[in-house]
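Undergrad: Got a structure for you, target_15.txt, holding compact mmCIF, C-alpha atoms and all ligand atoms.
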# COMPACT_ATOMS: atom_id res chain seq x y z
CA MET A 30 79.24 -130.57 -184.45
CA ALA A 31 77.20 -130.92 -187.63
CA THR A 32 77.12 -127.13 -188.14
CA PRO A 33 78.71 -126.12 -191.44
CA SER A 34 82.15 -124.58 -190.95
CA CYS A 35 84.78 -122.93 -193.08
CA LEU A 36 88.54 -123.06 -192.79
CA ARG A 37 90.55 -120.50 -194.72
CA LEU A 38 94.29 -120.57 -194.15
CA PRO A 39 97.27 -118.56 -195.42
CA GLY A 40 98.49 -119.60 -198.86
CA ASN A 41 101.95 -120.86 -197.89
CA VAL A 42 103.22 -121.55 -194.38
CA TYR A 43 106.93 -122.25 -193.87
CA CYS A 44 107.98 -123.38 -190.42
CA GLY A 45 110.95 -124.62 -188.43
CA GLU A 46 114.52 -123.47 -187.92
CA GLY A 47 115.93 -121.91 -191.07
CA ALA A 48 112.48 -121.20 -192.57
CA LEU A 49 113.33 -117.49 -192.60
CA ALA A 50 115.58 -118.04 -195.64
CA ARG A 51 112.35 -118.38 -197.68
CA THR A 52 111.96 -114.59 -197.42
CA GLU A 53 114.38 -114.15 -200.32
CA THR A 54 112.41 -116.20 -202.86
CA ILE A 55 109.01 -114.97 -201.66
CA VAL A 56 109.73 -111.25 -202.11
CA ARG A 57 111.59 -111.78 -205.38
CA GLY A 58 108.22 -111.97 -207.17
CA TYR A 59 107.33 -108.34 -206.27
CA LYS A 60 108.39 -104.82 -207.28
CA LYS A 61 108.58 -103.03 -203.93
CA ALA A 62 108.24 -104.19 -200.32
CA ALA A 63 106.94 -102.26 -197.32
CA LEU A 64 108.43 -103.73 -194.15
CA PHE A 65 106.08 -103.14 -191.20
CA THR A 66 107.61 -103.38 -187.72
CA ASP A 67 108.03 -101.53 -184.42
CA LYS A 68 110.88 -100.07 -182.40
CA GLY A 69 110.90 -102.98 -179.91
CA ILE A 70 111.59 -105.45 -182.72
CA GLU A 71 114.25 -103.20 -184.19
CA ARG A 72 115.96 -102.78 -180.78
CA ALA A 73 115.93 -106.55 -180.29
CA GLY A 74 117.99 -106.84 -183.51
CA LEU A 75 115.30 -108.95 -185.18
CA LEU A 76 115.24 -107.13 -188.52
CA GLU A 77 118.77 -108.16 -189.33
CA TYR A 78 117.93 -111.67 -190.58
CA PRO A 79 114.93 -111.00 -192.81
CA LEU A 80 116.46 -107.76 -194.14
CA ALA A 81 119.56 -109.67 -195.23
CA TYR A 82 117.37 -112.05 -197.26
CA MET A 83 115.38 -109.15 -198.74
CA LYS A 84 118.60 -107.44 -199.74
CA LYS A 85 119.77 -110.64 -201.43
CA SER A 86 116.56 -110.74 -203.47
CA GLY A 87 117.30 -107.22 -204.73
CA ILE A 88 113.79 -105.89 -203.93
CA GLU A 89 113.43 -102.18 -203.21
CA THR A 90 112.28 -101.86 -199.59
CA ILE A 91 110.74 -99.10 -197.51
CA ILE A 92 110.71 -99.58 -193.73
CA LEU A 93 107.79 -98.44 -191.56
CA ASP A 94 109.30 -99.00 -188.11
CA GLU A 95 107.19 -96.79 -185.86
CA LEU A 96 104.07 -98.88 -185.58
CA PRO A 97 102.44 -98.45 -182.14
CA SER A 98 101.44 -101.31 -179.85
CA GLU A 99 97.72 -102.08 -179.95
CA PRO A 100 96.84 -99.08 -182.20
CA THR A 101 93.65 -97.05 -182.26
CA PHE A 102 91.74 -96.93 -185.52
CA ILE A 103 93.06 -93.39 -186.10
CA GLN A 104 96.68 -94.54 -185.72
CA ALA A 105 95.86 -97.44 -188.04
CA GLN A 106 94.59 -95.01 -190.70
CA GLN A 107 97.87 -93.01 -190.47
CA ILE A 108 99.88 -96.18 -191.08
CA ILE A 109 97.68 -97.08 -194.04
CA ASP A 110 98.10 -93.59 -195.53
CA THR A 111 101.91 -93.88 -195.31
CA PHE A 112 101.75 -97.34 -196.88
CA LYS A 113 99.44 -96.10 -199.67
CA ALA A 114 101.93 -93.38 -200.58
CA SER A 115 104.79 -95.91 -200.78
CA GLY A 116 103.58 -97.69 -203.91
CA ALA A 117 104.69 -101.07 -202.48
CA ASP A 118 103.00 -104.23 -203.79
CA VAL A 119 103.95 -106.57 -200.92
CA ILE A 120 103.86 -106.02 -197.15
CA VAL A 121 106.34 -107.87 -194.97
CA GLY A 122 105.05 -107.75 -191.38
CA ILE A 123 107.66 -108.58 -188.73
CA GLY A 124 106.39 -108.35 -185.17
CA GLY A 125 103.78 -109.34 -182.65
CA GLY A 126 100.03 -109.18 -183.18
CA SER A 127 100.02 -105.36 -183.30
CA VAL A 128 102.33 -105.23 -186.33
CA LEU A 129 100.75 -108.22 -188.09
CA ASP A 130 97.25 -106.79 -187.63
CA MET A 131 98.37 -103.51 -189.22
CA ALA A 132 100.06 -105.35 -192.10
CA LYS A 133 96.83 -107.23 -192.82
CA LEU A 134 94.58 -104.19 -192.42
CA SER A 135 96.79 -102.10 -194.72
CA SER A 136 96.66 -104.88 -197.31
CA ILE A 137 92.91 -104.30 -197.72
CA ALA A 138 92.50 -100.66 -196.68
CA ALA A 139 94.88 -98.93 -199.10
CA SER A 140 91.95 -97.56 -201.09
CA GLU A 141 90.56 -94.14 -201.98
CA ASP A 142 87.01 -95.44 -201.56
CA TYR A 143 87.03 -96.37 -197.86
CA GLY A 144 89.16 -96.12 -194.73
CA VAL A 145 89.34 -97.86 -191.36
CA LYS A 146 86.26 -96.01 -190.09
CA GLU A 147 84.18 -97.43 -192.94
CA LEU A 148 85.71 -100.90 -192.44
CA LEU A 149 84.71 -100.81 -188.77
CA GLU A 150 81.12 -100.35 -189.92
CA ASN A 151 81.30 -102.74 -192.86
CA PRO A 152 84.44 -104.95 -192.76
CA LEU A 153 83.54 -106.74 -195.99
CA LEU A 154 84.04 -103.54 -198.03
CA GLY A 155 87.78 -104.31 -198.03
CA ARG A 156 89.49 -105.84 -201.07
CA LYS A 157 93.09 -107.07 -201.11
CA LYS A 158 95.39 -104.41 -202.62
CA ALA A 159 98.77 -105.90 -201.70
CA ASP A 160 100.05 -109.36 -200.80
CA THR A 161 101.35 -110.09 -197.30
CA LEU A 162 104.23 -112.07 -195.82
CA LEU A 163 103.81 -112.33 -192.04
CA ILE A 164 106.66 -113.26 -189.71
CA PRO A 165 105.52 -113.42 -186.05
CA THR A 166 107.95 -112.49 -183.28
CA THR A 167 105.61 -113.57 -180.46
CA ALA A 168 103.96 -116.96 -179.95
CA GLY A 169 101.40 -115.54 -179.79
CA THR A 170 98.31 -114.03 -181.06
CA GLY A 171 98.08 -116.31 -184.08
CA SER A 172 97.30 -113.15 -186.08
CA GLU A 173 99.36 -114.62 -188.92
CA ALA A 174 96.66 -117.30 -189.32
CA THR A 175 93.51 -115.21 -188.99
CA PRO A 176 91.56 -112.79 -191.20
CA ASN A 177 91.12 -110.46 -188.19
CA SER A 178 92.62 -107.11 -187.34
CA ILE A 179 91.96 -105.52 -183.96
CA VAL A 180 91.92 -101.76 -183.37
CA ALA A 181 91.10 -99.71 -180.30
CA VAL A 182 88.09 -97.40 -180.56
CA PRO A 183 88.66 -94.85 -177.78
CA GLU A 184 85.15 -93.35 -177.82
CA LYS A 185 83.69 -96.81 -177.18
CA GLU A 186 86.46 -97.65 -174.68
CA LEU A 187 86.74 -100.96 -176.53
CA LYS A 188 88.91 -102.90 -178.91
CA VAL A 189 87.04 -103.93 -182.02
CA GLY A 190 87.83 -106.74 -184.47
CA ILE A 191 87.60 -106.14 -188.21
CA VAL A 192 87.13 -109.53 -189.88
CA ASN A 193 87.45 -110.03 -193.63
CA PRO A 194 88.73 -113.18 -195.40
CA GLU A 195 90.64 -110.92 -197.83
CA MET A 196 93.07 -110.26 -194.96
CA THR A 197 94.23 -113.89 -194.89
CA ALA A 198 98.02 -113.83 -195.35
CA ASP A 199 99.60 -115.01 -198.59
CA TYR A 200 102.79 -116.21 -196.89
CA VAL A 201 103.70 -116.98 -193.28
CA ILE A 202 107.11 -117.86 -191.86
CA LEU A 203 107.31 -119.42 -188.39
CA ASP A 204 110.96 -119.53 -187.34
CA GLY A 205 111.95 -119.95 -183.68
CA ILE A 206 114.93 -117.61 -184.13
CA MET A 207 112.44 -114.71 -184.06
CA ILE A 208 111.36 -115.55 -180.48
CA LYS A 209 114.73 -116.79 -179.18
CA ASN A 210 115.27 -113.84 -176.82
CA LEU A 211 111.67 -112.79 -176.30
CA PRO A 212 111.57 -111.29 -172.77
CA LEU A 213 109.75 -113.53 -170.27
CA PRO A 214 106.80 -111.19 -169.51
CA ILE A 215 105.96 -110.87 -173.25
CA ALA A 216 106.61 -114.57 -173.98
CA ALA A 217 104.39 -115.57 -171.04
CA SER A 218 101.43 -113.28 -171.70
CA THR A 219 101.40 -113.96 -175.46
CA GLY A 220 101.74 -117.71 -174.83
CA ILE A 221 98.75 -117.59 -172.46
CA ASP A 222 96.85 -115.67 -175.16
CA ALA A 223 97.46 -118.61 -177.52
CA MET A 224 96.29 -121.01 -174.79
CA ALA A 225 93.13 -118.90 -174.32
CA HIS A 226 92.47 -118.96 -178.10
CA ALA A 227 92.74 -122.74 -178.16
CA VAL A 228 90.62 -123.54 -175.09
CA GLU A 229 87.99 -120.92 -175.99
CA CYS A 230 87.74 -122.25 -179.56
CA TYR A 231 87.45 -125.84 -178.31
CA THR A 232 84.64 -124.92 -175.90
CA SER A 233 82.91 -122.44 -178.24
CA ASN A 234 79.40 -122.74 -179.68
CA LYS A 235 81.14 -122.51 -183.05
CA ALA A 236 83.53 -125.45 -182.37
CA ASN A 237 83.54 -128.06 -185.12
CA LEU A 238 85.61 -131.08 -186.13
CA VAL A 239 88.08 -128.94 -188.10
CA SER A 240 88.62 -126.27 -185.44
CA ASN A 241 88.91 -128.95 -182.74
CA LEU A 242 91.77 -130.57 -184.63
CA PHE A 243 93.75 -127.32 -184.53
CA ALA A 244 92.66 -126.23 -181.02
CA GLY A 245 93.37 -129.69 -179.54
CA GLU A 246 96.83 -129.91 -181.11
CA ALA A 247 97.60 -126.34 -180.01
CA LEU A 248 96.71 -127.20 -176.41
CA LYS A 249 98.85 -130.33 -176.49
CA LEU A 250 101.85 -128.35 -177.80
CA ILE A 251 101.28 -125.53 -175.29
CA PHE A 252 100.84 -127.79 -172.23
CA ASP A 253 104.08 -129.61 -173.17
CA ASN A 254 106.25 -126.64 -174.16
CA ILE A 255 105.15 -123.26 -172.84
CA GLU A 256 107.19 -123.13 -169.63
CA GLU A 257 110.42 -124.24 -171.26
CA ALA A 258 109.94 -122.02 -174.32
CA CYS A 259 109.33 -118.95 -172.14
CA THR A 260 112.15 -119.44 -169.65
CA ASN A 261 115.02 -121.10 -171.54
CA PRO A 262 116.58 -119.03 -174.38
CA ASP A 263 118.23 -122.15 -175.80
CA ALA A 264 115.09 -124.30 -175.94
CA MET A 265 114.74 -123.90 -179.71
CA ALA A 266 112.60 -127.02 -180.21
CA ALA A 267 110.10 -125.81 -177.57
CA LYS A 268 110.08 -122.32 -179.13
CA ASN A 269 109.40 -123.66 -182.62
CA ARG A 270 106.57 -125.78 -181.20
CA MET A 271 105.08 -122.74 -179.45
CA LEU A 272 105.11 -120.79 -182.74
CA LEU A 273 103.28 -123.69 -184.36
CA ALA A 274 100.84 -123.89 -181.42
CA ALA A 275 100.04 -120.17 -181.70
CA PHE A 276 99.48 -120.60 -185.45
CA TYR A 277 97.20 -123.63 -184.87
CA ALA A 278 95.24 -121.71 -182.23
CA GLY A 279 94.85 -118.86 -184.76
CA ALA A 280 93.67 -121.41 -187.35
CA ALA A 281 91.10 -122.62 -184.81
CA ILE A 282 89.83 -119.03 -184.49
CA THR A 283 89.24 -118.84 -188.24
CA SER A 284 86.89 -121.83 -188.09
CA SER A 285 85.50 -121.52 -184.55
CA GLY A 286 85.79 -118.36 -182.43
CA THR A 287 86.88 -117.11 -179.04
CA THR A 288 84.32 -116.66 -176.28
CA ALA A 289 83.73 -114.74 -173.05
CA VAL A 290 87.43 -114.51 -172.01
CA HIS A 291 88.22 -112.37 -175.04
CA ALA A 292 84.85 -110.56 -174.94
CA LEU A 293 85.33 -109.38 -171.35
CA SER A 294 88.99 -108.60 -171.96
CA TYR A 295 88.34 -106.06 -174.75
CA PRO A 296 87.27 -103.24 -172.36
CA LEU A 297 90.42 -103.82 -170.27
CA GLY A 298 92.52 -103.16 -173.37
CA GLY A 299 90.26 -100.40 -174.69
CA LYS A 300 89.98 -98.39 -171.47
CA TYR A 301 92.99 -99.28 -169.32
CA HIS A 302 95.44 -100.19 -172.10
CA ILE A 303 96.25 -103.47 -170.40
CA ALA A 304 98.16 -105.59 -172.95
CA HIS A 305 95.98 -108.10 -174.79
CA GLY A 306 97.83 -111.18 -173.47
CA ILE A 307 97.75 -109.96 -169.85
CA SER A 308 94.04 -109.08 -169.81
CA ASN A 309 93.21 -112.50 -171.26
CA ALA A 310 95.51 -114.22 -168.77
CA ILE A 311 93.75 -112.43 -165.88
CA LEU A 312 90.30 -113.43 -167.13
CA LEU A 313 91.07 -116.94 -168.35
CA MET A 314 90.59 -118.90 -165.13
CA PRO A 315 87.61 -116.95 -163.71
CA VAL A 316 85.74 -117.30 -167.03
CA MET A 317 86.69 -120.96 -167.55
CA ARG A 318 85.57 -121.79 -164.01
CA PHE A 319 82.30 -119.96 -164.69
CA ASN A 320 81.95 -122.00 -167.93
CA ALA A 321 83.11 -125.32 -166.45
CA ASP A 322 79.71 -126.95 -165.88
CA ALA A 323 78.61 -126.13 -169.44
CA CYS A 324 81.91 -127.30 -170.99
CA GLN A 325 82.77 -130.33 -168.87
CA GLU A 326 82.58 -132.76 -171.77
CA GLU A 327 84.88 -130.61 -173.96
CA LEU A 328 87.38 -130.10 -171.13
CA ALA A 329 87.40 -133.87 -170.56
CA GLN A 330 88.14 -134.38 -174.27
CA ILE A 331 91.07 -131.96 -173.91
CA TYR A 332 92.30 -134.10 -171.01
CA ASP A 333 92.11 -137.23 -173.20
CA MET A 334 94.17 -135.47 -175.91
CA THR A 335 96.76 -133.86 -173.69
CA ALA A 336 97.26 -135.89 -170.52
CA PRO A 337 98.53 -139.44 -170.10
CA GLY A 338 95.39 -141.58 -169.61
CA VAL A 339 94.44 -142.68 -166.12
CA ALA A 340 91.83 -145.45 -166.04
CA GLY A 341 88.54 -144.86 -164.24
CA ILE A 342 88.81 -141.07 -163.91
CA SER A 343 85.45 -139.27 -164.17
CA THR A 344 84.53 -136.60 -166.71
CA ALA A 345 84.36 -134.00 -163.92
CA ASP A 346 87.83 -134.97 -162.67
CA LYS A 347 89.28 -134.83 -166.19
CA ALA A 348 87.85 -131.33 -166.64
CA ASN A 349 89.36 -130.29 -163.30
CA VAL A 350 92.81 -131.60 -164.26
CA VAL A 351 92.74 -129.43 -167.42
CA LEU A 352 91.64 -126.34 -165.48
CA ARG A 353 94.36 -126.98 -162.87
CA ARG A 354 97.03 -127.40 -165.57
CA MET A 355 96.11 -124.00 -167.06
CA GLU A 356 96.16 -122.41 -163.61
CA GLU A 357 99.56 -123.98 -162.91
CA ILE A 358 100.99 -122.53 -166.15
CA ILE A 359 99.74 -119.03 -165.26
CA HIS A 360 101.27 -119.44 -161.79
CA HIS A 361 104.63 -120.74 -163.11
CA LEU A 362 104.95 -117.90 -165.61
CA LYS A 363 104.21 -115.26 -162.97
CA ILE A 364 101.46 -113.47 -164.94
CA PRO A 365 99.25 -111.04 -163.01
CA VAL A 366 96.08 -112.83 -161.86
CA SER A 367 94.10 -109.71 -161.00
CA LEU A 368 93.70 -106.05 -161.94
CA ALA A 369 95.49 -104.98 -158.73
CA PRO A 370 98.68 -103.83 -160.55
CA PHE A 371 96.57 -101.68 -162.91
CA HIS A 372 94.69 -99.75 -160.19
CA VAL A 373 91.20 -100.27 -161.55
CA ASP A 374 88.70 -98.81 -159.11
CA GLU A 375 85.75 -100.97 -158.03
CA ARG A 376 83.47 -98.09 -159.09
CA GLU A 377 84.58 -98.64 -162.70
CA ILE A 378 82.96 -102.07 -162.85
CA ASP A 379 79.65 -100.68 -164.18
CA GLY A 380 81.48 -99.25 -167.20
CA LEU A 381 83.38 -102.50 -167.75
CA VAL A 382 80.16 -104.53 -167.66
CA LYS A 383 78.46 -102.15 -170.10
CA ALA A 384 81.39 -102.25 -172.55
CA GLY A 385 81.98 -106.02 -172.18
CA MET A 386 78.32 -106.83 -172.85
CA GLN A 387 78.61 -105.00 -176.20
CA VAL A 388 81.04 -107.63 -177.50
CA THR A 389 78.15 -109.78 -178.66
CA ARG A 390 80.23 -111.14 -181.60
CA LEU A 391 82.21 -113.22 -179.07
CA LEU A 392 79.75 -113.52 -176.17
CA SER A 393 77.37 -115.34 -178.50
CA ASN A 394 80.06 -118.04 -178.94
CA ASN A 395 80.10 -118.76 -175.19
CA LYS A 396 78.33 -122.05 -174.31
CA LYS A 397 76.92 -120.57 -171.11
CA THR A 398 74.93 -117.34 -171.44
CA VAL A 399 76.76 -114.45 -169.78
CA THR A 400 74.30 -112.02 -168.17
CA PRO A 401 75.37 -108.53 -167.02
CA GLU A 402 75.23 -109.88 -163.44
CA ASP A 403 77.59 -112.74 -164.40
CA ALA A 404 79.98 -110.27 -166.06
CA ARG A 405 79.86 -108.10 -162.93
CA ARG A 406 80.72 -111.09 -160.71
CA ILE A 407 83.65 -112.01 -162.99
CA TYR A 408 85.06 -108.44 -163.00
CA GLN A 409 84.51 -108.27 -159.24
CA GLU A 410 86.53 -111.46 -158.85
CA ILE A 411 89.55 -110.02 -160.66
CA ILE A 412 89.54 -106.50 -159.23
CA VAL A 413 91.83 -107.42 -156.32
CA ASP A 414 94.34 -110.18 -155.87
CA ARG A 415 92.42 -112.61 -153.65
CA ARG A 416 95.60 -114.44 -152.79
CA THR A 417 97.19 -111.43 -151.11
CA GLY A 418 94.27 -109.03 -150.61
CA ASN A 419 96.22 -106.37 -152.56
CA ASP A 420 94.08 -103.68 -154.12
N1 LIG B 501 94.31 -110.67 -185.43
C1 LIG B 501 94.17 -111.57 -184.51
O1 LIG B 501 93.68 -112.65 -184.78
C2 LIG B 501 94.62 -111.26 -183.12
C3 LIG B 501 94.54 -112.24 -182.12
C4 LIG B 501 94.96 -111.90 -180.84
C5 LIG B 501 95.45 -110.63 -180.57
N2 LIG B 501 95.50 -109.69 -181.57
C6 LIG B 501 96.02 -108.33 -181.33
O2 LIG B 501 97.43 -108.40 -181.27
C7 LIG B 501 97.91 -107.31 -180.44
C8 LIG B 501 98.86 -107.85 -179.39
O3 LIG B 501 99.95 -108.49 -180.00
P1 LIG B 501 101.13 -109.14 -179.13
O4 LIG B 501 100.53 -109.66 -177.87
O5 LIG B 501 101.86 -110.08 -179.99
O6 LIG B 501 102.01 -107.91 -178.70
P2 LIG B 501 102.55 -106.61 -179.52
O7 LIG B 501 102.62 -106.91 -180.96
O8 LIG B 501 101.70 -105.45 -179.10
O9 LIG B 501 104.00 -106.46 -178.93
C9 LIG B 501 104.20 -106.13 -177.57
C10 LIG B 501 105.63 -105.64 -177.34
O10 LIG B 501 106.52 -106.74 -177.53
C11 LIG B 501 107.64 -106.35 -178.31
N3 LIG B 501 108.13 -107.56 -178.97
C12 LIG B 501 107.45 -108.36 -179.83
N4 LIG B 501 108.21 -109.38 -180.20
C13 LIG B 501 109.42 -109.24 -179.59
C14 LIG B 501 110.63 -109.99 -179.59
N5 LIG B 501 110.74 -111.15 -180.28
N6 LIG B 501 111.67 -109.56 -178.85
C15 LIG B 501 111.55 -108.41 -178.12
N7 LIG B 501 110.42 -107.65 -178.07
C16 LIG B 501 109.36 -108.07 -178.79
C17 LIG B 501 107.08 -105.31 -179.26
O11 LIG B 501 108.10 -104.46 -179.73
C18 LIG B 501 106.08 -104.58 -178.36
O12 LIG B 501 106.74 -103.56 -177.65
C19 LIG B 501 96.68 -106.68 -179.83
O13 LIG B 501 96.32 -105.51 -180.53
C20 LIG B 501 95.62 -107.75 -180.01
O14 LIG B 501 94.30 -107.20 -180.01
C21 LIG B 501 95.12 -110.00 -182.82
ZN ZN B 502 93.82 -113.12 -178.07
Could you write out this file's structure as structure tokens?
TA:
Amino acid sequence: MATPSCLRLPGNVYCGEGALARTETIVRGYKKAALFTDKGIERAGLLEYPLAYMKKSGIETIILDELPSEPTFIQAQQIIDTFKASGADVIVGIGGGSVLDMAKLSSIAASEDYGVKELLENPLLGRKKADTLLIPTTAGTGSEATPNSIVAVPEKELKVGIVNPEMTADYVILDGIMIKNLPLPIAASTGIDAMAHAVECYTSNKANLVSNLFAGEALKLIFDNIEEACTNPDAMAAKNRMLLAAFYAGAAITSSGTTAVHALSYPLGGKYHIAHGISNAILLMPVMRFNADACQEELAQIYDMTAPGVAGISTADKANVVLRRMEEIIHHLKIPVSLAPFHVDEREIDGLVKAGMQVTRLLSNNKKTVTPEDARRIYQEIIVDRRTGND
């Protein structure tokens, strides 16, 4: 707890219903905007609102609307090259983590001196070249709060995080209207991703008083709101709280760090292209149960912050209540709990263990040491659905 920590947050964060109107005044200070988004966001009709405000401001705008989900570093470089040629001085990112990560990466990579390949080797080479306004449409990765950008590196069969404080957003808008009609499978998996960020940060070796404040509040908001926000299109208060929770969980990442759930999930995204939220949701309970004895005190603290107090309950019981609540959420939201739907062969486990053990940046945050044998047992546990025996 006494370890020095650093918290670096976006310059201005506007949140709540109607916050989107701020877009107009924010972009007015710039010459040309590049709007980053993807076809799913466009099809959902989500560009309409922010574009109307941008039009009102009179700013010239170029739209990059073909961003891929969970891009490789080569796809990321293509996006950056298009952005570089646009001459825009502000990036407006409207989307889930994939779009926001590309907005942030482009803001530091639009240079003649280095590209994404060089940033993968030395992330701190990057210097901010354009300001960013990030508007998340999932709740979510918390990418709008972090200085991280994740790209897939196919030859390593991994997803790799580029971390550089220069990527911290200048402006963030959290407005529930952007997630009003988010389809249940995306709302659920991205919401569980936020829950994983918060519980991993709270139980991380890097946890500190500042990150715990954000991670604890995120968990409270998620436990109270996730089911309603995901399943009821009219639950605007719950949706706004989930956007805030995802942002808080992202803020916790900037000061603490995720652990073995995210470390072991990277090969599932890198090799099998399983969406980030789903792979984390599948791994969350097996890893947290593996970690439980080393994190009992922290899980009990989460109980004290999130559950109505019951006198005389032991630390072990408090920790169990928190684990059961997370399991219940995963069950209610009907997220896959194993790799069965993705047809991962048991013989592939060796490769998964090898790739997962390379994610030392996050494994070193895990309170309990994860050996290759532990990683193997965890992958083995998720390969088939133990509840049904499906493989
Ligand atoms: N930088 C960070 O700190 C950080 C943290 C966690 C995850 N990530 C990265 O974020 C990416 C995943 O982001 P994600 O989980 O938000 O998903 P995503 O951005 O990949 O989006 C998934 C799909 O959902 C659609 N979608 C998004 N919002 C929608 C809406 N409101 N209505 C309808 N459709 C919508 C998109 O069009 C897309 O097809 C991964 O690459 C992951 O590695 C980054
Ligand atoms: Zn995540």
Undergrad: Could I get the residue neighbourhood of ligand LIG 501 (chain B) at 8 Å, counting only C-alpha atoms and all ligand atoms, as an MDAnalysis selection string?
TA: chainID A and resid 67:73 75 97:100 124:130 165:181 188 190 207:212 215 218:219 222:223 226 279 282 298 304:306
Undergrad: Given the selection you just returned, output its residues as a file containing C-alpha atoms, formatted as a compact mmCIF listing (two decimals), in the frame of the given file.
TA:
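After the write, result-v1.txt holds the following:
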# COMPACT_ATOMS: atom_id res chain seq x y z
CA ASP A 67 108.03 -101.53 -184.42
CA LYS A 68 110.88 -100.07 -182.40
CA GLY A 69 110.90 -102.98 -179.91
CA ILE A 70 111.59 -105.45 -182.72
CA GLU A 71 114.25 -103.20 -184.19
CA ARG A 72 115.96 -102.78 -180.78
CA ALA A 73 115.93 -106.55 -180.29
CA LEU A 75 115.30 -108.95 -185.18
CA PRO A 97 102.44 -98.45 -182.14
CA SER A 98 101.44 -101.31 -179.85
CA GLU A 99 97.72 -102.08 -179.95
CA PRO A 100 96.84 -99.08 -182.20
CA GLY A 124 106.39 -108.35 -185.17
CA GLY A 125 103.78 -109.34 -182.65
CA GLY A 126 100.03 -109.18 -183.18
CA SER A 127 100.02 -105.36 -183.30
CA VAL A 128 102.33 -105.23 -186.33
CA LEU A 129 100.75 -108.22 -188.09
CA ASP A 130 97.25 -106.79 -187.63
CA PRO A 165 105.52 -113.42 -186.05
CA THR A 166 107.95 -112.49 -183.28
CA THR A 167 105.61 -113.57 -180.46
CA ALA A 168 103.96 -116.96 -179.95
CA GLY A 169 101.40 -115.54 -179.79
CA THR A 170 98.31 -114.03 -181.06
CA GLY A 171 98.08 -116.31 -184.08
CA SER A 172 97.30 -113.15 -186.08
CA GLU A 173 99.36 -114.62 -188.92
CA ALA A 174 96.66 -117.30 -189.32
CA THR A 175 93.51 -115.21 -188.99
CA PRO A 176 91.56 -112.79 -191.20
CA ASN A 177 91.12 -110.46 -188.19
CA SER A 178 92.62 -107.11 -187.34
CA ILE A 179 91.96 -105.52 -183.96
CA VAL A 180 91.92 -101.76 -183.37
CA ALA A 181 91.10 -99.71 -180.30
CA LYS A 188 88.91 -102.90 -178.91
CA GLY A 190 87.83 -106.74 -184.47
CA MET A 207 112.44 -114.71 -184.06
CA ILE A 208 111.36 -115.55 -180.48
CA LYS A 209 114.73 -116.79 -179.18
CA ASN A 210 115.27 -113.84 -176.82
CA LEU A 211 111.67 -112.79 -176.30
CA PRO A 212 111.57 -111.29 -172.77
CA ILE A 215 105.96 -110.87 -173.25
CA SER A 218 101.43 -113.28 -171.70
CA THR A 219 101.40 -113.96 -175.46
CA ASP A 222 96.85 -115.67 -175.16
CA ALA A 223 97.46 -118.61 -177.52
CA HIS A 226 92.47 -118.96 -178.10
CA GLY A 279 94.85 -118.86 -184.76
CA ILE A 282 89.83 -119.03 -184.49
CA GLY A 298 92.52 -103.16 -173.37
CA ALA A 304 98.16 -105.59 -172.95
CA HIS A 305 95.98 -108.10 -174.79
CA GLY A 306 97.83 -111.18 -173.47
Undergrad: Counting all atoms listed in the file, which residues have an atom no more than 9 Å from (90.0, -124.5, -180.4) in the file's coordinates? Please list them as a VMD selection string.
TA: chain A and resid 225 to 233 236 to 237 240 to 248 277 to 282 284 to 287
Undergrad: With all atoms listed in the file as the counted atoms, please give the residues lying no more than 9 Å from Thr400 (chain A), apart from itself and same-chain residues fewer than 4 positions off, as a ChimeraX atom specification.
TA: /A:386,404-405
Undergrad: Which neighbours of region 350-362 of chain A fall inside 10 Å, counting all atoms listed in the file, when residues of the same chain fewer than 6 positions from it are skipped, and could you give them as a PyMOL selection string?
TA: chain A and resi 213-214+216-218+220-221+224-225+228+248+251-252+255-256+259-260+310-311+313-314+317-318+321+328-333+335-336+344
Undergrad: Work out how far apart CA of Leu154 (chain A) and CA of Glu195 (chain A) are and give it in Å to one decimal.
TA: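 Computing the Euclidean distance for CA of Leu154 (chain A) and CA of Glu195 (chain A) yields 9.9 Å.
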Undergrad: Which one is closest to Val399 (chain A): A:Met83, A:Ala292, A:Ile55, A:Ala340? Count all atoms listed in the file.
TA: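 Among A:Met83, A:Ala292, A:Ile55, A:Ala340, it is A:Ala292 that comes nearest to Val399 (chain A).
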